[in-house]
>>> print(open('entry-v1.txt').read())   # compact mmCIF, C-alpha atoms (C1' of nucleotides)
# COMPACT_ATOMS: atom_id res chain seq x y z
CA MET A 284 -40.80 14.37 17.88
CA LYS A 285 -39.29 13.96 14.42
CA ILE A 286 -41.39 15.11 11.46
CA ALA A 287 -40.20 14.43 7.91
CA THR A 288 -41.25 15.13 4.34
CA PHE A 289 -40.24 12.97 1.39
CA ASN A 290 -41.27 13.22 -2.27
CA ILE A 291 -41.05 9.49 -2.92
CA ASN A 292 -41.74 9.61 -6.71
CA GLY A 293 -43.74 6.39 -6.88
CA ILE A 294 -44.36 4.66 -3.55
CA ASN A 295 -44.59 1.15 -4.97
CA ARG A 296 -41.61 1.52 -7.27
CA ARG A 297 -39.62 2.78 -4.29
CA LEU A 298 -41.12 0.87 -1.38
CA ASP A 299 -37.81 -0.78 -0.42
CA ASN A 300 -36.06 2.59 -0.34
CA LEU A 301 -38.84 4.01 1.82
CA LEU A 302 -38.82 1.11 4.30
CA ALA A 303 -35.03 1.21 4.62
CA TRP A 304 -35.12 4.95 5.31
CA LEU A 305 -37.96 4.56 7.86
CA LYS A 306 -35.94 1.97 9.72
CA ALA A 307 -32.77 4.06 9.71
CA ALA A 308 -34.27 7.51 10.35
CA GLU A 309 -37.11 6.50 12.68
CA PRO A 310 -39.32 9.52 12.00
CA ASP A 311 -42.48 9.88 14.10
CA VAL A 312 -44.41 11.54 11.29
CA VAL A 313 -43.78 11.29 7.54
CA CYS A 314 -45.38 13.40 4.84
CA LEU A 315 -45.13 11.69 1.45
CA GLN A 316 -45.72 13.16 -2.00
CA GLU A 317 -45.96 11.82 -5.53
CA LEU A 318 -47.32 8.44 -4.51
CA LYS A 319 -48.21 7.79 -8.18
CA ALA A 320 -50.71 5.17 -7.04
CA ARG A 321 -54.48 4.79 -6.89
CA HIS A 322 -55.99 4.76 -3.44
CA GLU A 323 -56.25 0.96 -3.42
CA GLN A 324 -52.65 0.57 -4.66
CA PHE A 325 -51.18 2.19 -1.54
CA PRO A 326 -48.96 -0.43 0.21
CA ALA A 327 -50.84 -0.14 3.49
CA ALA A 328 -49.85 -3.60 4.76
CA ALA A 329 -46.12 -3.00 4.33
CA ILE A 330 -46.37 0.43 5.95
CA GLU A 331 -48.31 -1.03 8.86
CA ALA A 332 -45.78 -3.86 9.22
CA ALA A 333 -43.10 -1.19 9.51
CA GLY A 334 -44.97 0.22 12.48
CA TYR A 335 -46.83 3.15 10.90
CA GLY A 336 -50.44 4.12 10.68
CA ALA A 337 -51.26 5.95 7.47
CA VAL A 338 -53.79 8.19 5.77
CA TRP A 339 -53.55 9.05 2.09
CA VAL A 340 -55.26 10.28 -1.05
CA GLY A 341 -54.29 8.54 -4.30
CA GLU A 342 -54.74 9.17 -8.00
CA PRO A 343 -54.19 6.83 -10.99
CA ARG A 344 -50.93 8.10 -12.47
CA TRP A 345 -49.69 11.20 -10.75
CA ASN A 346 -49.69 13.17 -7.54
CA GLY A 347 -50.93 11.46 -4.38
CA VAL A 348 -50.00 12.42 -0.81
CA ALA A 349 -49.89 10.62 2.53
CA ILE A 350 -49.20 11.11 6.22
CA LEU A 351 -47.61 8.28 8.23
CA ALA A 352 -47.45 8.14 12.02
CA ARG A 353 -45.29 5.78 14.04
CA ASP A 354 -47.38 3.62 16.39
CA ALA A 355 -50.36 5.90 15.83
CA GLU A 356 -53.29 6.58 13.53
CA PRO A 357 -53.37 10.10 12.05
CA ILE A 358 -56.73 11.85 12.55
CA VAL A 359 -57.70 13.27 9.16
CA THR A 360 -58.88 16.89 9.07
CA ALA A 361 -58.84 17.46 5.28
CA THR A 362 -58.26 15.41 2.13
CA SER A 363 -58.16 18.25 -0.36
CA LEU A 364 -57.09 21.86 -0.46
CA PRO A 365 -60.15 24.09 0.00
CA GLY A 366 -61.08 26.74 -2.53
CA ASP A 367 -61.81 24.93 -5.81
CA PRO A 368 -64.21 21.95 -5.86
CA ALA A 369 -63.36 21.38 -9.53
CA ASP A 370 -59.71 20.63 -8.68
CA ARG A 371 -59.47 16.83 -8.66
CA HIS A 372 -55.70 16.54 -8.14
CA SER A 373 -54.60 14.64 -5.02
CA ARG A 374 -52.16 17.20 -3.69
CA TYR A 375 -53.16 17.88 -0.10
CA ILE A 376 -53.94 15.95 3.06
CA GLU A 377 -54.08 17.18 6.61
CA ALA A 378 -54.19 15.23 9.88
CA ALA A 379 -53.56 15.57 13.60
CA VAL A 380 -50.75 13.48 15.10
CA GLY A 381 -49.50 13.74 18.66
CA GLY A 382 -50.97 17.18 19.26
CA VAL A 383 -49.61 18.67 16.02
CA LEU A 384 -51.66 19.45 12.94
CA ILE A 385 -49.74 18.16 9.92
CA ALA A 386 -50.29 19.05 6.26
CA SER A 387 -48.63 17.00 3.52
CA LEU A 388 -48.72 18.99 0.30
CA TYR A 389 -47.57 18.62 -3.28
CA ALA A 390 -47.76 21.95 -5.07
CA PRO A 391 -48.02 22.01 -8.88
CA ASN A 392 -44.76 22.25 -10.78
CA GLY A 393 -46.16 24.90 -13.13
CA ASN A 394 -44.15 24.23 -16.28
CA PRO A 395 -44.26 25.03 -19.09
CA ARG A 396 -44.58 28.72 -18.49
CA PRO A 397 -46.49 30.74 -19.52
CA GLY A 398 -49.61 28.61 -19.88
CA PRO A 399 -52.44 26.88 -18.03
CA LYS A 400 -50.09 24.82 -15.85
CA TYR A 401 -48.37 27.93 -14.59
CA ASP A 402 -51.72 29.59 -13.96
CA TYR A 403 -52.80 26.51 -12.00
CA LYS A 404 -49.61 26.61 -9.95
CA LEU A 405 -50.20 30.22 -8.95
CA ALA A 406 -53.90 29.66 -8.20
CA TRP A 407 -53.20 26.50 -6.18
CA THR A 408 -50.53 28.23 -4.11
CA GLU A 409 -52.93 31.14 -3.50
CA ARG A 410 -55.38 28.59 -2.10
CA LEU A 411 -52.59 27.18 0.06
CA ILE A 412 -51.93 30.68 1.41
CA SER A 413 -55.62 30.97 2.31
CA ARG A 414 -55.63 27.62 4.10
CA ALA A 415 -52.37 28.50 5.87
CA ALA A 416 -53.95 31.73 7.13
CA GLU A 417 -56.84 29.75 8.61
CA LEU A 418 -54.45 27.33 10.29
CA GLU A 419 -52.23 30.12 11.60
CA ALA A 420 -55.27 31.82 13.12
CA MET A 421 -56.01 28.71 15.18
CA LYS A 422 -52.88 29.41 17.27
CA VAL A 423 -52.10 25.71 17.56
CA PRO A 424 -49.00 23.70 16.58
CA VAL A 425 -49.03 23.23 12.77
CA VAL A 426 -46.47 21.93 10.29
CA LEU A 427 -46.92 22.51 6.56
CA ALA A 428 -44.59 19.99 4.96
CA GLY A 429 -44.06 18.93 1.41
CA ASP A 430 -42.87 19.72 -2.07
CA PHE A 431 -43.78 23.38 -2.55
CA ASN A 432 -42.17 23.39 -6.01
CA ILE A 433 -40.67 26.81 -5.33
CA VAL A 434 -36.96 27.63 -5.00
CA PRO A 435 -37.20 30.34 -2.31
CA GLU A 436 -34.02 32.26 -3.14
CA PRO A 437 -31.25 32.23 -5.77
CA ARG A 438 -28.92 30.52 -3.31
CA ASP A 439 -31.35 27.59 -3.13
CA ILE A 440 -30.35 26.40 -6.61
CA TYR A 441 -26.96 25.44 -8.03
CA PRO A 442 -25.26 28.06 -10.21
CA THR A 443 -26.93 27.82 -13.62
CA ARG A 444 -28.87 29.80 -16.21
CA SER A 445 -30.86 26.77 -17.36
CA TYR A 446 -33.72 27.43 -14.92
CA ASP A 447 -34.13 31.12 -15.70
CA GLU A 448 -37.47 30.60 -17.45
CA ASN A 449 -38.60 27.81 -15.11
CA ALA A 450 -41.75 28.18 -13.00
CA LEU A 451 -39.85 27.12 -9.87
CA VAL A 452 -37.72 30.26 -9.69
CA GLN A 453 -40.01 33.01 -11.03
CA PRO A 454 -40.47 36.18 -8.96
CA GLU A 455 -44.23 35.45 -8.84
CA SER A 456 -43.57 32.00 -7.38
CA ARG A 457 -41.08 33.38 -4.87
CA ALA A 458 -43.47 36.14 -3.84
CA LEU A 459 -46.11 33.53 -2.99
CA TYR A 460 -43.65 31.65 -0.80
CA GLN A 461 -42.63 34.90 0.89
CA ARG A 462 -46.29 35.66 1.64
CA LEU A 463 -46.48 32.37 3.54
CA LEU A 464 -43.44 33.34 5.60
CA ASP A 465 -44.96 36.77 6.20
CA GLN A 466 -47.95 35.08 7.85
CA GLY A 467 -45.54 34.00 10.57
CA TRP A 468 -44.43 30.55 9.41
CA ALA A 469 -40.82 29.55 10.03
CA ASP A 470 -38.84 27.87 7.23
CA ALA A 471 -37.27 25.25 9.50
CA LEU A 472 -34.32 24.23 7.31
CA ARG A 473 -33.32 27.82 6.66
CA LYS A 474 -33.83 28.81 10.28
CA LYS A 475 -31.46 26.09 11.48
CA HIS A 476 -28.95 26.61 8.67
CA PRO A 477 -29.00 30.35 7.90
CA ARG A 478 -25.89 30.38 5.71
CA GLU A 479 -25.58 26.87 4.30
CA THR A 480 -26.39 25.66 0.84
CA ILE A 481 -29.33 23.27 1.19
CA TYR A 482 -30.78 21.16 -1.62
CA THR A 483 -33.56 18.55 -1.52
CA PHE A 484 -33.89 17.68 -5.23
CA TRP A 485 -31.42 16.62 -7.88
CA ASP A 486 -32.66 15.89 -11.39
CA TYR A 487 -32.03 12.40 -12.76
CA MET A 488 -30.57 13.90 -15.91
CA ARG A 489 -27.03 14.99 -16.70
CA GLN A 490 -25.47 13.67 -13.52
CA ARG A 491 -27.01 16.40 -11.44
CA TRP A 492 -26.64 14.31 -8.26
CA GLU A 493 -23.00 13.46 -8.91
CA ARG A 494 -22.33 17.16 -9.57
CA ASP A 495 -24.43 18.27 -6.59
CA ALA A 496 -26.51 20.39 -8.96
CA GLY A 497 -29.55 20.53 -6.72
CA LEU A 498 -32.54 22.66 -5.81
CA ARG A 499 -34.30 23.31 -2.51
CA LEU A 500 -37.96 22.54 -3.21
CA ASP A 501 -39.12 20.61 -0.15
CA HIS A 502 -39.91 22.68 2.90
CA LEU A 503 -41.20 22.37 6.46
CA LEU A 504 -43.04 25.49 7.58
CA LEU A 505 -43.70 25.71 11.32
CA SER A 506 -46.36 27.73 13.07
CA LYS A 507 -45.06 29.81 15.98
CA GLN A 508 -46.39 27.20 18.41
CA VAL A 509 -44.03 24.63 16.83
CA ALA A 510 -41.16 26.95 15.90
CA ARG A 511 -40.37 27.74 19.50
CA ARG A 512 -39.97 24.01 20.14
CA LEU A 513 -37.64 23.47 17.13
CA VAL A 514 -34.47 21.57 18.01
CA SER A 515 -32.93 20.53 14.68
CA ALA A 516 -33.63 20.34 10.95
CA ASP A 517 -31.78 18.66 8.11
CA VAL A 518 -31.85 16.76 4.82
CA ASP A 519 -31.01 13.05 4.54
CA ARG A 520 -28.92 13.59 1.43
CA ASP A 521 -27.51 10.06 1.43
CA VAL A 522 -30.95 8.71 0.50
CA ARG A 523 -30.64 10.41 -2.90
CA GLY A 524 -27.52 8.39 -3.63
CA MET A 525 -29.05 4.98 -2.99
CA PRO A 526 -29.79 2.57 -5.87
CA GLY A 527 -33.17 3.30 -7.43
CA ALA A 528 -33.57 6.51 -5.41
CA SER A 529 -36.25 9.15 -5.75
CA ASP A 530 -35.03 12.40 -7.26
CA HIS A 531 -35.84 14.07 -3.91
CA ALA A 532 -34.22 13.45 -0.51
CA PRO A 533 -36.14 13.43 2.79
CA ALA A 534 -36.07 16.60 4.91
CA TRP A 535 -36.98 16.63 8.59
CA VAL A 536 -37.24 18.53 11.85
CA THR A 537 -37.14 17.49 15.48
CA VAL A 538 -39.20 19.41 18.02
CA ARG A 539 -39.32 19.24 21.80
CA SER A 540 -42.36 17.65 23.36
CA ARG A 541 -45.01 20.11 24.42
CA GLU A 542 -44.04 22.49 27.23
C1' DA B 115 -34.63 24.56 -29.15
C1' DT B 116 -33.67 20.05 -28.08
C1' DG B 117 -32.48 16.25 -25.34
C1' DG B 118 -31.12 14.45 -21.36
C1' DC B 119 -33.80 10.49 -17.28
C1' DT B 120 -37.65 8.18 -14.75
C1' DA B 121 -42.30 7.39 -13.59
C1' DT B 122 -47.36 5.36 -14.82
C1' DC B 123 -50.20 2.72 -17.78
C1' DG B 124 -49.72 -1.27 -20.16
C1' DC B 125 -47.12 -3.33 -23.96
C1' DG B 126 -46.30 1.61 -27.59
C1' DG B 127 -45.86 5.76 -26.86
C1' DA B 128 -48.18 9.60 -24.56
C1' DT B 129 -47.75 12.51 -20.67
C1' DA B 130 -45.72 14.58 -16.55
C1' DG B 131 -42.16 15.84 -13.79
C1' DA B 132 -38.66 20.06 -12.47
>>> encode(input="entry-v1.txt", output="structure tokens")
Amino acid sequence: MKIATFNINGINRRLDNLLAWLKAAEPDVVCLQELKARHEQFPAAAIEAAGYGAVWVGEPRWNGVAILARDAEPIVTATSLPGDPADRHSRYIEAAVGGVLIASLYAPNGNPRPGPKYDYKLAWTERLISRAAELEAMKVPVVLAGDFNIVPEPRDIYPTRSYDENALVQPESRALYQRLLDQGWADALRKKHPRETIYTFWDYMRQRWERDAGLRLDHLLLSKQVARRLVSADVDRDVRGMPGASDHAPAWVTVRSRE
DNA sequence: ATGGCTATCGCGGATAGA
């Protein structure tokens, strides 16, 4: 079973890129972020024609997340992150596919910092930690996949000082990510590549892709019940170099079928 | 400190992203 996450940065603007990658990579489950489309603007027909069932939550201009399943219909278990009914952002969806509970999440960026956006980032990620604790306690296979908007360690960003004040790299942000790992979740990309440099995002500006000036922001966290079935994990970097690409590349894991 | 790119919405320029 291959499970992927991809911050698509506008699903309609980038539908051709997405369909080409689906055909080439053949993932069984895809978590998408930054749809940038209202619910009714989601290209459901094209996704279905590609062989995928889909569930999603949209929003007029920003955010928006989805879960796709090859030859299957995801069974929705949540369409928002619990903990704040006043939070209207479409940043979280959760569904069961093939015996695995999948969460597709798009954490707030948090810039500029300090300020209300940074406060929202920290509060949202605290809510994610609470939801993750509930899911972990179920002792079932779970994958938390998406754009966490946190660079876990200094080696997960290219050598630069320009991000020193950025919300993505702050000790507070990193401590939140560490608390998720401390619950028992496995960072699949890091687990499979303990010493490599891994990036999933390259800014459009200043030739950051051409210079490989990237950041690791997109993560797949596996509950113990999935981690012990982990076979491989990687980033489809080539996708970032395609014409009209998203500024993120897809990341994915493969796991053995249930023992 | 700013600008640098790209997106939506909608037709100019504001706002967000990271």
>>> atom_distance(input="entry-v1.txt", atom1="CA of Ala416 in chain A", atom2="CA of Ile286 in chain A")
21.3 Å
>>> interface_residues(input="entry-v1.txt", of="chain A", to="chain B", cutoff="7 Å", atoms="only C-alpha atoms (C1' of nucleotides)", output="JSON, numbers by chain")
{"A": [293, 344, 392, 487, 488, 489]}
>>> residues_around(input="entry-v1.txt", residues="Val518 in chain A", least_positions_apart="6", cutoff="7 Å", atoms="only C-alpha atoms (C1' of nucleotides)", output="number ranges by chain")
A: 483, 532-535
>>> axis_aligned_box(input="entry-v1.txt", around="range 117-130 of chain B", padding_each_side="6 Å", output="lines of an AutoDock Vina configuration file")
center_x = -40.7
center_y = 6.5
center_z = -20.6
size_x = 31.1
size_y = 31.6
size_z = 26.0
>>> atom_distance(input="entry-v1.txt", atom1="CA of Leu498 in chain A", atom2="CA of Phe484 in chain A")
5.2 Å
>>> residues_near_point(input="entry-v1.txt", point="(-35.3, 21.3, 9.6)", cutoff="9 Å", atoms="only C-alpha atoms (C1' of nucleotides)", output="JSON, numbers by chain")
{"A": [286, 287, 470, 471, 472, 473, 474, 475, 476, 502, 503, 513, 514, 515, 516, 517, 518, 534, 535, 536, 537]}
>>> residues_around(input="entry-v1.txt", residues="Arg296 in chain A", least_positions_apart="4", cutoff="12 Å", atoms="only C-alpha atoms (C1' of nucleotides)", output="PyMOL selection string")
(chain A and resi 291-292+300-302+317-320+324-326+526-529) or (chain B and resi 120-122)
>>> atom_distance(input="entry-v1.txt", atom1="CA of Arg499 in chain A", atom2="CA of Asp430 in chain A")
9.3 Å
>>> closest_residue(input="entry-v1.txt", among="A:Leu418, A:Leu405, A:Ala361, A:Leu298", to="Ala328 in chain A", atoms="only C-alpha atoms")
A:Leu298
>>> closest_residue(input="entry-v1.txt", among="A:Lys507, A:Leu364, A:Ala469, A:Trp485", to="Met421 in chain A", atoms="all atoms listed in the file")
A:Lys507
>>> residues_around(input="entry-v1.txt", residues="Arg462 in chain A", least_positions_apart="4", cutoff="12 Å", atoms="all atoms listed in the file", output="VMD selection string")
chain A and resid 408 to 409 411 to 413 415 to 416 435 455 to 458 466 to 469
>>> residues_around(input="entry-v1.txt", residues="Leu500 in chain A", least_positions_apart="3", cutoff="6 Å", atoms="only C-alpha atoms (C1' of nucleotides)", output="PyMOL selection string")
chain A and resi 430-434
>>> closest_residue(input="entry-v1.txt", among="A:His322, A:Asn295, A:Asp465, A:Arg410", to="Pro368 in chain A", atoms="only C-alpha atoms")
A:Arg410
